[in-house]
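Okay, structure first, notes after.
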Amino acid sequence: MNEYFSGFAAAAALSLFAITANAQDDYPSQPITMVVPFSAGGPTDTVTRLISEPMSKELGSEIVIQNITGAGGTVAAGQVAKAPADGYTVLMHHIGMSTAPTLYSNLPYNPLEDFETVGLVTEVPMTIVARKDFPAETLQELVEYLKTHADEVTLANAGTGAASQLCGMLLMEAIDTQLTTVPYPGTGPALTDLVGGQVDIMCDQTTNTTGQILGGEIKAYAVTAEERLANLPDVPTTSEAGLGDFQLRIWHGLYVPAETDPAIIEKLTSALQVALQDQNVIDRFAELGTTPVSQEGATPEAHAEMLSSQIDLWAPIIKEAGVSAD
């Protein structure tokens, strides 16, 4: 009797192993949902849509983009963390994944424990911009104006935890001046009001501001990069313009729920690496002031190291600034 059940258990285990192995071999056999934790049309959404097409072709499966907004990206991240670990729900998130643990005291997930990293995608510099009729003409003039008119200036951002909020926070720290911040439910509406003159200044990713800068709809003072950007050659770096080491790049990466099979992650990583070598992606990224990460960066290991180091980097900065999302 015992031998019978032992044999039955062994057969069942082998059967389950075969089913699991077949599932991995067949992956993907249905559409993949790629979740963006911010509104459509924003910088993270733009990056996601650019890489999704070549990734879809490489994987041989449709990729459906789903925008789930709220709480600086934590609503979407929380949902993905609880999704089945089958590779059919993928999260694209930016630097906010590393700041959320400090910004939110009751975060419903642990970025280091509830996700598997797939690979980094890109690092996007920021631009310091203002409504087109703002009085200051250079960054030096802007800083002086902000210091002397702090109570009158409005600084827009896309909400708590957004890249624009983090950049604005660093800007105020760099010039030792507190401004009136105006949070919006996304980058799109914030930039719309900046173009319309309802708010004064903003600090946001080149993927979202380049078109408006080149179109003369907003005024650009500096980029938070080491060197000037090819698509914005007339915009100085923050170092050139007198803000020293104030440099910030917003990195993006792909995640899947914890315990996703390594073979599935490998397929997603491979598709990501192919996408980042796609000429259309390279060209469009260049137009938006960014570049794909290297093949070494588009790996789970490099991504995990970035996430961990950035959590350690941002925690003291956020605590010192006294910023909280709760």
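Ordering of the structure tokens sets the chain letters (A, B, ...); residue numbers start at 1 within each chain; ligands are numbered from 1 in the order shown.
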
Would you mind listing, for every residue of range 74-129 of chain A within 10 Å of range 197-202 of chain A, the two atoms forming the shortest contact and the distance between them in Å to one decimal, using only C-alpha atoms, sorted by chain and ascending residue number, as JSON lines?
{"residue": "A:Met126", "atom": "CA", "partner": "A:Met202", "partner_atom": "CA", "distance": 10.0}
{"residue": "A:Thr127", "atom": "CA", "partner": "A:Met202", "partner_atom": "CA", "distance": 8.2}
{"residue": "A:Ile128", "atom": "CA", "partner": "A:Met202", "partner_atom": "CA", "distance": 6.1}
{"residue": "A:Val129", "atom": "CA", "partner": "A:Met202", "partner_atom": "CA", "distance": 5.4}

Writer output for current selection, N, CA and C atoms, as a PDB file, in the first residue's frame:
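Once everything was written out, this is out_15.pdb:
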ATOM      1  N   MET A 126      16.670  65.274 -16.446  1.00  0.00           N
ATOM      2  CA  MET A 126      15.564  66.188 -16.186  1.00  0.00           C
ATOM      3  C   MET A 126      15.870  67.553 -16.796  1.00  0.00           C
ATOM      4  N   THR A 127      14.835  68.349 -16.963  1.00  0.00           N
ATOM      5  CA  THR A 127      14.998  69.729 -17.426  1.00  0.00           C
ATOM      6  C   THR A 127      14.341  70.659 -16.415  1.00  0.00           C
ATOM      7  N   ILE A 128      14.980  71.782 -16.154  1.00  0.00           N
ATOM      8  CA  ILE A 128      14.380  72.832 -15.331  1.00  0.00           C
ATOM      9  C   ILE A 128      13.740  73.806 -16.303  1.00  0.00           C
ATOM     10  N   VAL A 129      12.419  73.923 -16.244  1.00  0.00           N
ATOM     11  CA  VAL A 129      11.672  74.709 -17.232  1.00  0.00           C
ATOM     12  C   VAL A 129      10.692  75.651 -16.536  1.00  0.00           C
TER      13      VAL A 129
END

Non-local contacts of Glu152 in chain A (9 Å; only C-alpha atoms; under 5 positions in same chain excluded) as a ChimeraX atom specification: /A:146,179-180

Go ahead and save the residues from that selection, with N, CA and C atoms, as a CSV table (one decimal), in the first residue's frame.
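Wrote it out as part-v8.csv, contents follow:
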chain,number,residue,atom,x,y,z
A,146,LEU,N,14.0,83.2,-7.8
A,146,LEU,CA,13.3,82.3,-6.8
A,146,LEU,C,13.6,82.6,-5.4
A,179,LEU,N,9.7,76.7,-2.0
A,179,LEU,CA,8.7,77.3,-2.9
A,179,LEU,C,7.3,76.7,-2.7
A,180,THR,N,6.3,77.3,-3.2
A,180,THR,CA,4.9,76.8,-3.1
A,180,THR,C,4.8,75.7,-4.2

List every residue of range 170-206 of chain A that has an atom at most 12 Å from any atom of range 304-320 of chain A, giving for each one its closest atom pair and the distance in Å to one decimal, counting only C-alpha atoms, sorted by chain and then by ascending residue number, as JSON lines.
{"residue": "A:Leu170", "atom": "CA", "partner": "A:Ile317", "partner_atom": "CA", "distance": 8.7}
{"residue": "A:Glu173", "atom": "CA", "partner": "A:Ile317", "partner_atom": "CA", "distance": 9.7}
{"residue": "A:Ala174", "atom": "CA", "partner": "A:Ile317", "partner_atom": "CA", "distance": 11.9}

field: alpha helix (DSSP H) positions in range 77-234 of chain A, given as a PyMOL selection string
entry: chain A and resi 77-81+96-103+139-148+163-175+187-196+206-214

Could you write those residues out with C-alpha atoms, as a tab-separated table (two decimals), in the first residue's frame?
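out.tsv written:
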chain	number	residue	atom	x	y	z
A	77	ALA	CA	3.04	48.37	-8.00
A	78	GLY	CA	0.90	46.92	-5.23
A	79	GLN	CA	-1.40	45.26	-7.75
A	80	VAL	CA	1.48	43.77	-9.73
A	81	ALA	CA	3.10	42.47	-6.55
A	96	GLY	CA	9.87	55.99	-7.64
A	97	MET	CA	10.31	52.30	-6.84
A	98	SER	CA	13.35	53.26	-4.76
A	99	THR	CA	11.83	56.29	-3.03
A	100	ALA	CA	8.48	54.75	-2.08
A	101	PRO	CA	9.80	52.83	0.97
A	102	THR	CA	10.79	56.14	2.59
A	103	LEU	CA	7.88	58.24	1.34
A	139	LEU	CA	19.42	79.66	-14.67
A	140	GLN	CA	21.44	82.16	-12.64
A	141	GLU	CA	18.67	84.71	-13.04
A	142	LEU	CA	16.09	82.05	-12.22
A	143	VAL	CA	17.81	81.12	-8.97
A	144	GLU	CA	18.06	84.77	-7.95
A	145	TYR	CA	14.40	85.34	-8.80
A	146	LEU	CA	13.31	82.26	-6.83
A	147	LYS	CA	15.28	83.41	-3.79
A	148	THR	CA	13.78	86.91	-3.85
A	163	ALA	CA	10.15	62.25	-10.76
A	164	SER	CA	9.15	65.90	-11.02
A	165	GLN	CA	8.53	66.08	-7.28
A	166	LEU	CA	11.92	64.52	-6.50
A	167	CYS	CA	13.69	66.90	-8.88
A	168	GLY	CA	11.82	69.89	-7.47
A	169	MET	CA	12.77	68.82	-3.96
A	170	LEU	CA	16.45	68.63	-4.92
A	171	LEU	CA	16.24	71.99	-6.67
A	172	MET	CA	14.84	73.69	-3.56
A	173	GLU	CA	17.55	72.02	-1.48
A	174	ALA	CA	20.27	73.13	-3.92
A	175	ILE	CA	19.19	76.79	-3.77
A	187	THR	CA	2.77	64.89	-15.67
A	188	GLY	CA	0.38	65.62	-18.54
A	189	PRO	CA	-1.92	68.03	-16.67
A	190	ALA	CA	1.02	69.65	-14.87
A	191	LEU	CA	2.79	70.40	-18.14
A	192	THR	CA	-0.45	71.58	-19.71
A	193	ASP	CA	-0.87	74.18	-16.98
A	194	LEU	CA	2.79	75.20	-17.30
A	195	VAL	CA	2.30	75.78	-21.03
A	196	GLY	CA	-0.90	77.68	-20.24
A	206	THR	CA	13.26	65.29	-21.18
A	207	THR	CA	10.93	62.61	-22.55
A	208	ASN	CA	8.06	64.87	-21.53
A	209	THR	CA	9.41	68.39	-22.09
A	210	THR	CA	11.57	68.25	-25.22
A	211	GLY	CA	8.71	68.84	-27.67
A	212	GLN	CA	7.44	71.87	-25.77
A	213	ILE	CA	10.96	73.29	-25.38
A	214	LEU	CA	11.74	72.97	-29.08

Practice item. Enumerate the residues of range 88-200 of chain A with a DSSP assignment of strand (DSSP E or B), computed from the backbone, and present them as a ChimeraX atom specification. Key: /A:89-93,115-131,154-157,180-183

Residues of the last selection are to be written out with N, CA and C atoms, as a CSV table (one decimal), in the first residue's frame.
chain,number,residue,atom,x,y,z
A,89,THR,N,2.0,39.5,-16.2
A,89,THR,CA,1.8,40.8,-15.7
A,89,THR,C,3.2,41.4,-15.4
A,90,VAL,N,3.6,42.5,-16.1
A,90,VAL,CA,4.9,43.1,-16.0
A,90,VAL,C,4.7,44.5,-15.6
A,91,LEU,N,5.6,45.0,-14.7
A,91,LEU,CA,5.5,46.4,-14.3
A,91,LEU,C,6.7,47.2,-14.9
A,92,MET,N,6.4,48.4,-15.4
A,92,MET,CA,7.4,49.3,-15.8
A,92,MET,C,7.4,50.4,-14.7
A,93,HIS,N,8.4,50.6,-14.0
A,93,HIS,CA,8.5,51.7,-13.0
A,93,HIS,C,9.8,52.5,-13.1
A,115,PHE,N,9.2,41.6,-5.7
A,115,PHE,CA,9.4,41.6,-7.1
A,115,PHE,C,10.7,40.9,-7.5
A,116,GLU,N,10.7,40.5,-8.8
A,116,GLU,CA,11.9,40.1,-9.4
A,116,GLU,C,12.2,41.1,-10.5
A,117,THR,N,13.5,41.5,-10.6
A,117,THR,CA,13.9,42.5,-11.6
A,117,THR,C,14.1,41.8,-12.9
A,118,VAL,N,13.8,42.5,-14.0
A,118,VAL,CA,14.0,42.0,-15.3
A,118,VAL,C,15.1,42.7,-16.0
A,119,GLY,N,15.3,44.0,-15.8
A,119,GLY,CA,16.3,44.7,-16.5
A,119,GLY,C,16.0,46.2,-16.5
A,120,LEU,N,17.1,47.0,-16.5
A,120,LEU,CA,16.9,48.5,-16.7
A,120,LEU,C,16.6,48.8,-18.1
A,121,VAL,N,16.0,49.9,-18.4
A,121,VAL,CA,15.6,50.3,-19.7
A,121,VAL,C,16.3,51.6,-20.2
A,122,THR,N,16.2,52.6,-19.4
A,122,THR,CA,16.9,53.9,-19.8
A,122,THR,C,17.0,54.8,-18.6
A,123,GLU,N,17.9,55.7,-18.7
A,123,GLU,CA,18.1,56.8,-17.6
A,123,GLU,C,17.8,58.1,-18.3
A,124,VAL,N,16.8,58.8,-17.8
A,124,VAL,CA,16.4,60.0,-18.4
A,124,VAL,C,16.8,61.3,-17.6
A,125,PRO,N,17.5,62.2,-18.2
A,125,PRO,CA,17.8,63.5,-17.5
A,125,PRO,C,16.6,64.3,-17.4
A,126,MET,N,16.7,65.3,-16.4
A,126,MET,CA,15.6,66.2,-16.2
A,126,MET,C,15.9,67.6,-16.8
A,127,THR,N,14.8,68.3,-17.0
A,127,THR,CA,15.0,69.7,-17.4
A,127,THR,C,14.3,70.7,-16.4
A,128,ILE,N,15.0,71.8,-16.2
A,128,ILE,CA,14.4,72.8,-15.3
A,128,ILE,C,13.7,73.8,-16.3
A,129,VAL,N,12.4,73.9,-16.2
A,129,VAL,CA,11.7,74.7,-17.2
A,129,VAL,C,10.7,75.7,-16.5
A,130,ALA,N,10.2,76.6,-17.3
A,130,ALA,CA,9.2,77.6,-16.8
A,130,ALA,C,8.3,78.0,-17.9
A,131,ARG,N,7.2,78.6,-17.5
A,131,ARG,CA,6.3,79.2,-18.5
A,131,ARG,C,7.1,80.1,-19.4
A,154,THR,N,5.2,79.4,-8.1
A,154,THR,CA,4.6,78.1,-8.0
A,154,THR,C,5.4,77.1,-8.7
A,155,LEU,N,5.7,76.0,-8.0
A,155,LEU,CA,6.5,74.9,-8.6
A,155,LEU,C,5.6,73.7,-8.8
A,156,ALA,N,5.3,73.3,-10.0
A,156,ALA,CA,4.4,72.2,-10.3
A,156,ALA,C,5.1,70.9,-10.3
A,157,ASN,N,4.4,69.8,-9.9
A,157,ASN,CA,4.9,68.5,-10.0
A,157,ASN,C,3.8,67.5,-10.3
A,180,THR,N,6.3,77.3,-3.2
A,180,THR,CA,4.9,76.8,-3.1
A,180,THR,C,4.8,75.7,-4.2
A,181,THR,N,4.6,74.5,-3.8
A,181,THR,CA,4.5,73.4,-4.7
A,181,THR,C,3.0,73.1,-5.0
A,182,VAL,N,2.8,72.8,-6.3
A,182,VAL,CA,1.4,72.5,-6.8
A,182,VAL,C,1.4,71.1,-7.4
A,183,PRO,N,0.9,70.1,-6.6
A,183,PRO,CA,0.9,68.7,-7.1
A,183,PRO,C,-0.3,68.5,-8.1

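The shortest atom-to-atom distance to Asp261 in chain A, with only C-alpha atoms taken into account, belongs to A:Tyr27 out of A:Leu288, A:Leu243, A:Ala325, A:Tyr27.
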
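The gap separating CA of Ser324 in chain A from CA of Gly244 in chain A is 26.9 Å, in Å to one decimal.
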
request  = Tell me, as an NGL selection string, which residues lie within 10 Å of Thr46 in chain A, counting only C-alpha atoms; anything in the same chain fewer than 3 positions away does not count.
outcome  = :A and (36 or 40-43 or 49-51 or 207-208 or 284-285 or 288)

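Computed from the coordinates, the CA of Pro300 in chain A to CA of Leu268 in chain A distance equals 10.1 Å.
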
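Between CA of Ile264 in chain A and CA of Glu62 in chain A the separation is 15.8 Å.
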
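The residue that comes closest to Pro54 in chain A, out of A:Val274, A:Asp133, A:Ala286, A:Thr291 and on the basis of only C-alpha atoms, is A:Val274.
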
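Nearest-residue note for Glu113 in chain A: choosing from A:Ala258, A:Phe134, A:Lys219, A:Asp176, the minimum distance belongs to A:Ala258, counting only C-alpha atoms.
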
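With only C-alpha atoms as the atoms that count, the minimum distance from Arg228 in chain A to the choices A:Thr177, A:Ser56, A:Thr290, A:Gln273 is reached by A:Thr290.
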